[in-house]
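This report concerns only the one structure given below.
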Amino acid sequence: MDDCIFCKIVKKEIPASIVYEDDELMAFKDINPIDKVHLLIIPKQHIESLLTCDPIHKDILSKMLLLAPKLALEFGLKGFRTMINSGKEGGQEVFHIHFHVYGGSERLAKI
Ligand code: AMP
Ligand code: ZN
């Protein structure tokens with residue numbers, strides 16, 4: 001997707017604070033964090049939203065989910081929140097699926 005900001009991060013066309021990368025996934029710091037630690041986990045392939053996923057995406061979705069606790073622990077969190085905004089009415093602003101992983105404050109940031 002040429003006009004997708006997260007595809008541009010995958011292609012290293014725009015900078016991001018990348019904290020994890022493998023053949024299929026990437027994770028980077030959210031540019032506008034809502035907590036002490038706030039990461040975004042994305043697939044490298046362009047998938048619009050959880051609303052557009054079907055069973056062919058189960059492997060990539062499970063890999064994204066399993067990466068969340070791994071990164072949270074690496075960033076010193078003992079617990080964390082995961083958020084997946086889906087669709088415009090679900091608060092999604094970037095239409096390349098991403099899992100928010102955040103935590104670290106004494107009071108949990110809730111949206
Ligand atoms: P959502 O509302 O779930 O679509 O969230 C999109 C998130 O992407 C927001 O938390 C933004 O702060 C974050 N974001 C947007 N552009 C960038 C970027 N270039 N680098 C890192 N995070 C970004
Ligand atoms: Zn994309």
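Just remember, in the structure tokens the first chain shown is A, the second B, etc., residues are 1-based per chain, and ligands are 1-based in the order shown.
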
To check your reading of the model: which residues sit at most 8 Å from ligand 2 when counting only C-alpha atoms and all ligand atoms? Write the answer as a CSV table (one decimal) with C-alpha atoms, in the first residue's frame.
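Resulting contents of out-v6.csv:
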```csv
chain,number,residue,atom,x,y,z
A,1,MET,CA,0.0,0.0,0.0
A,2,ASP,CA,1.8,3.1,-1.3
A,3,ASP,CA,0.1,5.6,1.0
A,4,CYS,CA,0.2,3.5,4.2
A,5,ILE,CA,2.4,5.1,6.9
A,6,PHE,CA,3.1,1.7,8.5
A,7,CYS,CA,4.0,0.1,5.2
A,8,LYS,CA,6.5,3.0,4.8
A,44,LYS,CA,4.9,-6.5,7.6
A,45,GLN,CA,2.2,-7.5,5.1
A,46,HIS,CA,-0.5,-4.9,4.7
A,47,ILE,CA,-3.6,-6.1,6.5
A,48,GLU,CA,-6.1,-3.3,7.0
A,95,PHE,CA,-5.5,1.3,8.6
A,96,HIS,CA,-2.7,-1.2,8.8
A,97,ILE,CA,-3.5,-3.6,11.7
```

So that I can check the surroundings of Leu71 in chain A, please list as a VMD selection string every protein, DNA and RNA residue that reaches within 9 Å of it, counting only C-alpha atoms and ignoring chain neighbours fewer than 6 positions away. chain A and resid 19 to 20 27 39 77 101

List as a list in words the protein and nucleic acid residues lying within 6 Å of ligand 1, with only C-alpha atoms and all ligand atoms counted.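 Within the 6 Å cut-off, the matching residues are Ala16, Lys29, Asp30, Ile31, Asn32, Asn85, Gly91, Gln92, Glu93 and Val94 of chain A.
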
From the DSSP assignment of the backbone, select every residue of chain A that is strand (DSSP E), and format the answer as a PyMOL selection string. chain A and resi 18-21+25-29+37-43+81-83+99-103

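In this structure, CA of Met26 in chain A sits 10.9 Å away from CA of Lys63 in chain A.
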
Given only C-alpha atoms as the counted atoms, nearest of A:Val10, A:Leu40, A:Leu25, A:Cys53 to Ala72 in chain A: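 Counting only C-alpha atoms, the residue closest to Ala72 in chain A is A:Leu40.
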
Among A:Ile56, A:Ile41, A:Ile84, A:Leu50, Lys70 in chain A is approached most closely, using only C-alpha atoms, by A:Ile41

Excluding same-chain residues fewer than 4 positions from Ile60 in chain A, what lies within 8 Å of it counting only C-alpha atoms, as a count of residues only? 3

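Across the structure, CA of Ile42 in chain A and CA of His98 in chain A are spaced 4.7 Å apart.
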
According to DSSP computed on the backbone, where in range 23-108 of chain A is there alpha helix (DSSP H)? Give the residues as a count of residues only. 17

List as a tab-separated table every residue of range 18-39 of chain A that is in contact with range 104-108 of chain A, defined as an atom at most 9 Å from one of its atoms (using only C-alpha atoms), together with the nearest atom pair and the distance in Å rounded to one decimal, sorted by chain and then rising number.
```
residue	atom	partner	partner_atom	distance
A:Asp35	CA	A:Ser105	CA	6.2
A:Lys36	CA	A:Gly104	CA	5.1
A:Val37	CA	A:Gly104	CA	5.9
A:His38	CA	A:Gly104	CA	8.8
```

Can you spit out the residues from that selection as a compact mmCIF listing (two decimals), in the first residue's frame, using C-alpha atoms?
```
# COMPACT_ATOMS: atom_id res chain seq x y z
CA ASP A 35 2.00 5.29 28.91
CA LYS A 36 5.65 4.96 29.97
CA VAL A 37 6.04 2.10 27.52
CA HIS A 38 3.85 2.13 24.41
```
